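Below: final_20.txt (compact mmCIF, C-alpha atoms and all ligand atoms)
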```txt
# COMPACT_ATOMS: atom_id res chain seq x y z
CA MET A 118 198.80 288.20 -58.41
CA LYS A 119 195.67 290.33 -58.57
CA ILE A 120 196.31 293.94 -57.52
CA TYR A 121 193.99 296.80 -56.53
CA ILE A 122 195.20 300.43 -56.88
CA SER A 123 193.12 303.25 -55.38
CA ALA A 124 194.15 306.69 -56.66
CA ASP A 125 193.49 310.13 -55.18
CA MET A 126 194.92 313.46 -56.30
CA GLU A 127 195.73 315.69 -53.30
CA GLY A 128 198.92 313.70 -52.63
CA VAL A 129 200.14 313.69 -56.24
CA THR A 130 203.59 315.29 -56.64
CA GLY A 131 203.43 319.08 -56.56
CA VAL A 132 199.70 319.55 -55.85
CA THR A 133 199.43 322.66 -53.66
CA HIS A 134 196.09 324.38 -54.29
CA TRP A 135 192.45 323.26 -54.66
CA ASP A 136 192.33 324.79 -58.17
CA GLU A 137 194.92 322.19 -59.23
CA VAL A 138 192.59 319.28 -58.39
CA ASP A 139 189.38 320.86 -59.77
CA HIS A 140 188.57 319.91 -63.36
CA ASP A 141 186.85 323.27 -63.93
CA LYS A 142 190.12 325.15 -63.38
CA SER A 143 192.86 325.75 -65.93
CA GLU A 144 195.68 324.48 -63.69
CA TYR A 145 194.05 321.03 -63.42
CA GLY A 146 195.43 319.54 -66.66
CA GLN A 147 199.09 319.26 -65.65
CA PHE A 148 198.21 317.55 -62.35
CA GLN A 149 195.66 315.27 -64.03
CA LYS A 150 198.52 314.15 -66.25
CA GLN A 151 200.89 313.66 -63.30
CA MET A 152 198.22 311.68 -61.39
CA SER A 153 197.75 309.45 -64.45
CA LEU A 154 201.51 308.93 -64.83
CA GLU A 155 201.93 308.07 -61.12
CA VAL A 156 199.14 305.47 -61.36
CA ALA A 157 200.72 304.13 -64.57
CA ALA A 158 204.10 303.89 -62.76
CA ALA A 159 202.45 301.84 -59.98
CA CYS A 160 200.90 299.55 -62.63
CA GLU A 161 204.28 299.14 -64.36
CA GLY A 162 205.91 298.27 -61.02
CA ALA A 163 203.21 295.66 -60.43
CA LEU A 164 203.76 294.20 -63.91
CA ASP A 165 207.54 294.14 -63.22
CA ALA A 166 206.66 291.95 -60.20
CA ASN A 167 204.59 289.65 -62.45
CA ALA A 168 201.11 290.85 -61.50
CA LYS A 169 198.55 289.11 -63.70
CA GLU A 170 195.55 291.36 -63.08
CA ILE A 171 195.39 295.05 -62.05
CA TRP A 172 192.29 297.02 -61.11
CA VAL A 173 192.48 300.82 -60.70
CA LYS A 174 189.85 302.95 -58.92
CA ASP A 175 189.87 306.63 -59.86
CA ALA A 176 188.92 307.91 -56.40
CA HIS A 177 189.22 311.70 -56.58
CA TYR A 178 186.22 314.07 -56.73
CA SER A 179 184.16 313.07 -59.81
CA GLY A 180 186.09 309.79 -60.12
CA ARG A 181 186.87 310.83 -63.69
CA ASN A 182 190.45 312.08 -63.71
CA ILE A 183 192.87 309.40 -64.88
CA LEU A 184 193.76 309.47 -68.60
CA ALA A 185 193.07 305.81 -69.37
CA GLY A 186 195.43 305.74 -72.35
CA THR A 187 198.43 306.39 -70.06
CA LEU A 188 197.86 303.07 -68.23
CA PRO A 189 199.45 299.83 -69.44
CA LYS A 190 197.26 297.59 -71.60
CA GLY A 191 195.14 295.08 -69.72
CA VAL A 192 194.47 297.30 -66.66
CA LYS A 193 190.83 297.62 -65.59
CA LEU A 194 189.78 301.18 -64.63
CA ILE A 195 186.79 302.00 -62.35
CA ARG A 196 185.52 305.55 -63.07
CA GLY A 197 182.77 307.52 -61.29
CA TRP A 198 181.01 306.51 -58.05
CA SER A 199 178.74 303.47 -57.84
CA GLY A 200 177.17 304.40 -54.47
CA HIS A 201 178.69 301.29 -52.85
CA PRO A 202 179.83 301.91 -49.24
CA TYR A 203 183.39 300.80 -50.08
CA SER A 204 183.75 304.12 -51.90
CA MET A 205 187.47 304.59 -52.75
CA VAL A 206 188.02 300.78 -52.89
CA GLN A 207 184.78 299.75 -54.64
CA GLU A 208 184.89 296.08 -55.80
CA LEU A 209 187.74 295.18 -53.37
CA ASP A 210 187.26 291.64 -52.03
CA ASP A 211 189.26 288.62 -50.90
CA SER A 212 190.18 287.69 -54.48
CA PHE A 213 192.86 290.45 -54.43
CA ASP A 214 196.43 289.82 -53.24
CA ALA A 215 197.35 293.44 -52.44
CA LEU A 216 195.93 296.95 -52.07
CA MET A 217 198.04 299.96 -53.08
CA MET A 218 197.23 303.66 -52.78
CA VAL A 219 198.59 306.45 -54.99
CA GLY A 220 198.23 310.23 -54.51
CA TYR A 221 196.77 309.91 -51.00
CA HIS A 222 196.93 312.79 -48.51
CA SER A 223 197.15 313.70 -44.81
CA ARG A 224 193.97 313.61 -42.75
CA ALA A 225 191.94 316.61 -41.64
CA GLY A 226 193.70 318.62 -38.96
CA GLN A 227 197.23 317.56 -39.94
CA GLY A 228 199.87 320.00 -41.18
CA GLY A 229 201.49 317.68 -43.73
CA ASN A 230 199.61 318.99 -46.78
CA PRO A 231 197.87 322.32 -47.56
CA LEU A 232 194.94 320.19 -48.85
CA ALA A 233 194.76 317.89 -45.79
CA HIS A 234 191.20 316.67 -45.25
CA THR A 235 189.08 313.59 -44.51
CA LEU A 236 186.01 312.99 -46.70
CA SER A 237 183.73 316.04 -46.67
CA SER A 238 185.55 318.90 -44.91
CA SER A 239 182.48 321.14 -45.33
CA LYS A 240 180.39 318.98 -42.93
CA LEU A 241 182.83 317.26 -40.59
CA ASP A 242 185.04 318.21 -37.67
CA PHE A 243 186.40 314.69 -37.15
CA ILE A 244 185.76 310.96 -37.38
CA THR A 245 187.36 308.56 -34.91
CA ILE A 246 187.32 304.76 -35.02
CA ASN A 247 188.31 303.10 -31.73
CA ASP A 248 189.62 306.52 -30.60
CA ARG A 249 191.92 306.99 -33.58
CA GLN A 250 191.37 310.07 -35.81
CA ILE A 251 190.94 308.60 -39.25
CA SER A 252 192.43 309.45 -42.62
CA GLU A 253 191.05 308.15 -45.92
CA PHE A 254 194.05 305.76 -45.90
CA PHE A 255 193.06 304.30 -42.50
CA LEU A 256 189.33 304.16 -43.31
CA HIS A 257 189.82 302.21 -46.54
CA GLY A 258 192.81 300.17 -45.31
CA ASN A 259 190.50 298.59 -42.75
CA ILE A 260 188.26 297.34 -45.58
CA ALA A 261 191.29 295.53 -47.00
CA ALA A 262 192.03 294.10 -43.54
CA LYS A 263 188.48 292.75 -43.28
CA HIS A 264 189.04 290.82 -46.51
CA GLY A 265 192.55 289.66 -45.60
CA VAL A 266 194.16 291.88 -48.27
CA PRO A 267 197.54 293.43 -47.28
CA VAL A 268 198.12 297.18 -47.79
CA VAL A 269 201.40 296.92 -49.63
CA PHE A 270 202.24 300.40 -50.98
CA LEU A 271 201.26 304.05 -50.65
CA SER A 272 202.47 307.29 -52.24
CA GLY A 273 201.48 310.72 -50.95
CA ASP A 274 202.64 313.56 -48.72
CA VAL A 275 205.21 313.14 -45.93
CA GLY A 276 202.59 313.65 -43.18
CA LEU A 277 200.59 310.69 -44.44
CA CYS A 278 203.68 308.53 -44.97
CA GLU A 279 204.47 309.07 -41.25
CA GLU A 280 200.96 307.87 -40.36
CA VAL A 281 201.48 304.80 -42.58
CA GLN A 282 204.71 303.93 -40.74
CA GLU A 283 202.82 304.10 -37.43
CA VAL A 284 199.71 302.13 -38.53
CA SER A 285 201.26 299.70 -40.99
CA PRO A 286 205.07 299.57 -40.64
CA GLY A 287 205.44 296.90 -43.36
CA THR A 288 203.86 299.09 -46.06
CA ALA A 289 206.31 300.63 -48.56
CA THR A 290 205.89 304.38 -49.11
CA VAL A 291 207.02 307.09 -51.51
CA ALA A 292 206.79 310.62 -50.10
CA THR A 293 206.05 312.97 -53.00
CA MET A 294 206.15 316.23 -51.04
CA VAL A 295 206.06 317.90 -47.65
CA GLY A 296 203.56 320.60 -46.76
CA VAL A 297 204.81 323.77 -45.04
CA GLY A 298 201.88 325.98 -44.11
CA ASN A 299 200.16 326.78 -47.39
CA SER A 300 203.16 325.69 -49.47
CA THR A 301 204.67 322.38 -50.57
CA ILE A 302 208.21 321.20 -51.20
CA SER A 303 208.09 318.40 -53.79
CA ILE A 304 210.45 315.93 -55.36
CA HIS A 305 210.80 316.13 -59.16
CA PRO A 306 207.78 314.61 -60.94
CA LEU A 307 210.01 312.22 -62.94
CA ASP A 308 211.80 311.14 -59.74
CA ALA A 309 208.37 310.36 -58.27
CA LEU A 310 207.51 308.06 -61.20
CA LYS A 311 210.82 306.21 -60.92
CA ALA A 312 210.49 305.81 -57.13
CA ILE A 313 206.87 304.59 -57.37
CA ARG A 314 207.65 301.98 -60.02
CA GLY A 315 210.74 300.71 -58.16
CA LYS A 316 209.13 300.57 -54.70
CA VAL A 317 205.99 298.87 -56.00
CA LYS A 318 208.09 296.20 -57.71
CA SER A 319 210.16 295.50 -54.58
CA ALA A 320 207.11 295.63 -52.26
CA LEU A 321 205.18 293.09 -54.37
CA SER A 322 208.28 290.87 -54.60
CA GLY A 323 208.54 290.74 -50.78
CA GLU A 324 206.48 289.04 -48.07
CA LEU A 325 203.00 290.52 -48.58
CA SER A 326 201.64 289.16 -45.29
CA ASP A 327 203.91 291.64 -43.43
CA CYS A 328 201.45 294.30 -44.63
CA LEU A 329 198.30 292.59 -43.32
CA TRP A 330 196.54 294.56 -40.55
CA ASP A 331 194.92 293.17 -37.42
CA HIS A 332 191.17 293.57 -37.78
CA PRO A 333 189.49 294.47 -34.47
CA LYS A 334 186.42 292.54 -33.32
CA SER A 335 184.43 295.69 -32.61
CA PHE A 336 184.38 299.28 -33.77
CA ILE A 337 183.30 302.40 -31.88
CA VAL A 338 182.81 305.30 -34.27
CA HIS A 339 182.46 308.95 -33.25
CA ILE A 340 181.54 311.52 -35.88
CA GLY A 341 181.82 315.21 -35.01
CA PHE A 342 179.89 317.52 -37.32
CA ASN A 343 180.49 321.23 -37.64
CA LYS A 344 176.75 321.99 -37.23
CA GLN A 345 174.38 320.62 -34.59
CA GLN A 346 171.64 320.24 -37.25
CA LEU A 347 173.77 317.70 -39.14
CA ALA A 348 174.48 315.70 -35.96
CA TYR A 349 170.79 315.69 -34.98
CA ARG A 350 169.83 314.34 -38.40
CA ALA A 351 172.60 311.70 -38.37
CA SER A 352 171.57 310.54 -34.88
CA HIS A 353 168.47 308.97 -36.49
CA TYR A 354 170.59 306.49 -38.45
CA PRO A 355 169.73 303.05 -36.97
CA GLY A 356 172.08 302.35 -34.05
CA ALA A 357 173.52 305.89 -33.86
CA ASN A 358 173.26 308.01 -30.70
CA LEU A 359 173.66 311.74 -30.14
CA ILE A 360 176.26 312.09 -27.39
CA ASP A 361 176.59 315.88 -27.52
CA PRO A 362 174.89 318.43 -29.79
CA LYS A 363 177.45 318.02 -32.59
CA THR A 364 178.63 314.40 -32.12
CA ILE A 365 177.16 310.96 -32.79
CA ALA A 366 178.45 307.57 -31.60
CA PHE A 367 177.91 304.18 -33.27
CA THR A 368 179.13 300.71 -32.24
CA THR A 369 179.29 297.58 -34.41
CA ASN A 370 181.13 294.29 -34.83
CA ASP A 371 181.04 294.50 -38.63
CA TYR A 372 183.27 297.00 -40.47
CA ASP A 373 180.85 297.03 -43.43
CA GLN A 374 178.39 298.77 -41.09
CA VAL A 375 180.97 301.50 -40.40
CA MET A 376 181.21 302.18 -44.14
CA GLN A 377 177.41 302.10 -44.49
CA LEU A 378 177.06 304.65 -41.66
CA ILE A 379 179.55 306.96 -43.36
CA LEU A 380 177.82 306.58 -46.73
CA PHE A 381 174.49 307.72 -45.30
CA VAL A 382 175.40 310.37 -42.70
CA VAL A 383 178.55 312.10 -44.03
ZN ZN B 1 190.77 313.72 -53.61
```

For this file, write the structure as structure tokens.
Amino acid sequence: MKIYISADMEGVTGVTHWDEVDHDKSEYGQFQKQMSLEVAAACEGALDANAKEIWVKDAHYSGRNILAGTLPKGVKLIRGWSGHPYSMVQELDDSFDALMMVGYHSRAGQGGNPLAHTLSSSKLDFITINDRQISEFFLHGNIAAKHGVPVVFLSGDVGLCEEVQEVSPGTATVATMVGVGNSTISIHPLDALKAIRGKVKSALSGELSDCLWDHPKSFIVHIGFNKQQLAYRASHYPGANLIDPKTIAFTTNDYDQVMQLILFVV
């Protein structure tokens, strides 16, 4: 089995404030360590299930967070951002048997996490694909679907785990915390590691095809910006149309073009 793990930080156990996910702030270190340990636990669970090859994408902020020495030997780690449209799942293709996500978070506008957001919260009001408000989980899960790769496991906040159950009921989840207003209520960090390792092992030992998504034949994307200037500029992307002063629409049959649009206009 060849496994891909995409790791973010805002859904790592206990993360409650932006300072805790910002490498310029003193609080960052303890959560950098917990993120690294949660990714390592997912790798160990995959090895318990006899995975032969594991790729990890560090997909938070600079893409340079995970302490590589905490990961089991043999794991390949992708650091930084290549500029490829696949972004948080760079290098994912049909050679992989499963996609897993660790430390993921609720989408913009949801109450499940004080740090809920989707991509760049400073520019965007919303993105919908086929009328569904997207999270980073949904956006990147559809890349896996295009390549026939099942989304087998996710850890993150309770709000996101509820979305996963709705979108992809076969996917195993570990809820690390629940957001209440500007606070979080978390499980113990060691309990999170144990749960992640155990659930990953059992998920990869089960029927992976239960976690394969239907991939629609066409995609209608709406992007709402928080400034009309940004929408006007984005409306000049080939194939995009301005449908109101702050919103563009884009239609395609190829999901790669959705990711290309987002790379260039968001
Ligand atoms: Zn992040």

Anything within 6 Å of (185.8, 316.0, -32.5): list those residues as a PyMOL selection string, counting only C-alpha atoms and sticking to the file's coordinates. chain A and resi 242-243+341

Atom pair atom CA of A:Asp125 / atom CA of A:Val281: separation (Å):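 Spanning atom CA of A:Asp125 to atom CA of A:Val281 is a straight-line distance of 15.8 Å.
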
Local residues around (171.9, 319.2, -40.6), at most 12 Å away, using all atoms listed in the file, as a PyMOL selection string: chain A and resi 239-241+342-353+362-364+382-383

Output as a tab-separated table one row per residue of chain A within 10 Å of ligand ZN 1 (chain B): the closest atom pair and its distance in Å to one decimal place, counting all atoms listed in the file, sorted by chain and residue number ascending.
```
residue	atom	partner	partner_atom	distance
A:Ala124	CA	B:ZN1	ZN	8.4
A:Asp125	CA	B:ZN1	ZN	4.8
A:Met126	CA	B:ZN1	ZN	5.0
A:Glu127	CA	B:ZN1	ZN	5.3
A:Gly128	CA	B:ZN1	ZN	8.2
A:Val129	CA	B:ZN1	ZN	9.7
A:Trp135	CA	B:ZN1	ZN	9.7
A:Val138	CA	B:ZN1	ZN	7.6
A:Asp139	CA	B:ZN1	ZN	9.5
A:Asp175	CA	B:ZN1	ZN	9.5
A:Ala176	CA	B:ZN1	ZN	6.7
A:His177	CA	B:ZN1	ZN	3.9
A:Tyr178	CA	B:ZN1	ZN	5.5
A:Ser179	CA	B:ZN1	ZN	9.1
A:Gly180	CA	B:ZN1	ZN	8.9
A:Met205	CA	B:ZN1	ZN	9.7
A:Gly220	CA	B:ZN1	ZN	8.3
A:Tyr221	CA	B:ZN1	ZN	7.6
A:His222	CA	B:ZN1	ZN	8.1
A:Leu232	CA	B:ZN1	ZN	9.1
A:Ala233	CA	B:ZN1	ZN	9.7
A:His234	CA	B:ZN1	ZN	8.9
A:Thr235	CA	B:ZN1	ZN	9.3
A:Leu236	CA	B:ZN1	ZN	8.4
A:Glu253	CA	B:ZN1	ZN	9.5
```

Of the candidates A:Val375, A:Val132, A:Val269, A:Val338, which shows the shortest atom-to-atom distance to A:Glu144, using all atoms listed in the file? A:Val132

Could you give me, as JSON lines, a per-residue list for stretch 159-232 of chain A showing, wherever an atom lies at most 8 Å from an atom of stretch 314-332 of chain A, the closest pair of atoms and their distance in Å to one decimal, using all atoms listed in the file and sorting by chain then residue number from low to high?
```
{"residue": "A:Ala159", "atom": "CA", "partner": "A:Arg314", "partner_atom": "CA", "distance": 5.2}
{"residue": "A:Cys160", "atom": "CA", "partner": "A:Arg314", "partner_atom": "CA", "distance": 7.6}
{"residue": "A:Glu161", "atom": "CA", "partner": "A:Arg314", "partner_atom": "CA", "distance": 6.2}
{"residue": "A:Gly162", "atom": "CA", "partner": "A:Arg314", "partner_atom": "CA", "distance": 4.2}
{"residue": "A:Ala163", "atom": "CA", "partner": "A:Lys318", "partner_atom": "CA", "distance": 5.6}
{"residue": "A:Leu164", "atom": "CA", "partner": "A:Lys318", "partner_atom": "CA", "distance": 7.8}
{"residue": "A:Asp165", "atom": "CA", "partner": "A:Lys318", "partner_atom": "CA", "distance": 5.9}
{"residue": "A:Ala166", "atom": "CA", "partner": "A:Lys318", "partner_atom": "CA", "distance": 5.1}
{"residue": "A:Ala215", "atom": "CA", "partner": "A:Leu325", "partner_atom": "CA", "distance": 7.4}
```

Interatomic distance, atom CA of A:Gly131 to atom CA of A:Ile244 (Å, one decimal):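 Separation between atom CA of A:Gly131 and atom CA of A:Ile244: 27.3 Å.
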
Could you tell me which of A:Gly186, A:Gly226, A:Gly296, A:Gly191 comes closest to A:Ile171 if we count all atoms listed in the file?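 Closest residue, counting all atoms listed in the file: A:Gly191.
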
Which of these residues is nearest to A:Asn299, using only C-alpha atoms: A:Asn259, A:Thr187, A:Thr245, A:Asn230?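 Of all the options, A:Asn230 lies closest to A:Asn299.
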
Choose the residue, out of A:Ser272, A:Ser223, A:Gln282, A:Thr133, that has the smallest atom-to-atom separation from A:Ala312; count all atoms listed in the file.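 Among the listed residues, A:Ser272 lies closest to A:Ala312.
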
For A:Gln377, work out the shell of residues within 10 Å, counting only C-alpha atoms and skipping chain neighbours fewer than 5 positions away, then give it as a CSV table (one decimal) with C-alpha atoms, in the coordinates of the input.
```csv
chain,number,residue,atom,x,y,z
A,201,HIS,CA,178.7,301.3,-52.8
A,202,PRO,CA,179.8,301.9,-49.2
A,203,TYR,CA,183.4,300.8,-50.1
A,204,SER,CA,183.8,304.1,-51.9
A,372,TYR,CA,183.3,297.0,-40.5
A,382,VAL,CA,175.4,310.4,-42.7
```

Centre, x/y/z edge lengths, axis-aligned box for stretch 121-140 of chain A with 4 Å per side, as JSON:
```
{"center_x": 196.1, "center_y": 310.8, "center_z": -58.0, "size_x": 23.0, "size_y": 36.0, "size_z": 18.7}
```

Which distance in Å separates atom CA of A:Ser285 and atom CA of A:Ala262, to one decimal?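 Atom CA of A:Ser285 sits 11.1 Å away from atom CA of A:Ala262.
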
Using the atoms already present, construct N, CA and C atoms for stretch 151-167 of chain A and hand them back as a CSV table (one decimal), in the coordinates of the input.
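Wrote it out as rebuild-v1.csv, contents follow:
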```
chain,number,residue,atom,x,y,z
A,151,GLN,N,200.0,314.2,-64.3
A,151,GLN,CA,200.9,313.7,-63.3
A,151,GLN,C,200.2,312.5,-62.5
A,152,MET,N,198.9,312.7,-62.1
A,152,MET,CA,198.2,311.7,-61.4
A,152,MET,C,198.2,310.4,-62.3
A,153,SER,N,197.9,310.6,-63.5
A,153,SER,CA,197.8,309.4,-64.4
A,153,SER,C,199.1,308.7,-64.6
A,154,LEU,N,200.2,309.5,-64.7
A,154,LEU,CA,201.5,308.9,-64.8
A,154,LEU,C,201.9,308.2,-63.6
A,155,GLU,N,201.6,308.8,-62.4
A,155,GLU,CA,201.9,308.1,-61.1
A,155,GLU,C,201.2,306.7,-61.0
A,156,VAL,N,199.9,306.7,-61.4
A,156,VAL,CA,199.1,305.5,-61.4
A,156,VAL,C,199.7,304.5,-62.4
A,157,ALA,N,200.1,305.0,-63.6
A,157,ALA,CA,200.7,304.1,-64.6
A,157,ALA,C,202.0,303.6,-64.0
A,158,ALA,N,202.8,304.4,-63.3
A,158,ALA,CA,204.1,303.9,-62.8
A,158,ALA,C,203.8,302.8,-61.7
A,159,ALA,N,202.8,302.9,-60.9
A,159,ALA,CA,202.4,301.8,-60.0
A,159,ALA,C,202.0,300.6,-60.7
A,160,CYS,N,201.3,300.7,-61.8
A,160,CYS,CA,200.9,299.6,-62.6
A,160,CYS,C,202.1,298.9,-63.2
A,161,GLU,N,203.1,299.7,-63.8
A,161,GLU,CA,204.3,299.1,-64.4
A,161,GLU,C,205.1,298.4,-63.3
A,162,GLY,N,205.2,299.0,-62.1
A,162,GLY,CA,205.9,298.3,-61.0
A,162,GLY,C,205.3,296.9,-60.7
A,163,ALA,N,203.9,296.9,-60.7
A,163,ALA,CA,203.2,295.7,-60.4
A,163,ALA,C,203.5,294.6,-61.5
A,164,LEU,N,203.5,295.1,-62.8
A,164,LEU,CA,203.8,294.2,-63.9
A,164,LEU,C,205.2,293.7,-63.8
A,165,ASP,N,206.1,294.6,-63.4
A,165,ASP,CA,207.5,294.1,-63.2
A,165,ASP,C,207.6,293.0,-62.2
A,166,ALA,N,206.7,293.0,-61.2
A,166,ALA,CA,206.7,292.0,-60.2
A,166,ALA,C,205.7,290.8,-60.6
A,167,ASN,N,205.4,290.8,-61.9
A,167,ASN,CA,204.6,289.6,-62.4
A,167,ASN,C,203.1,289.6,-62.0
```
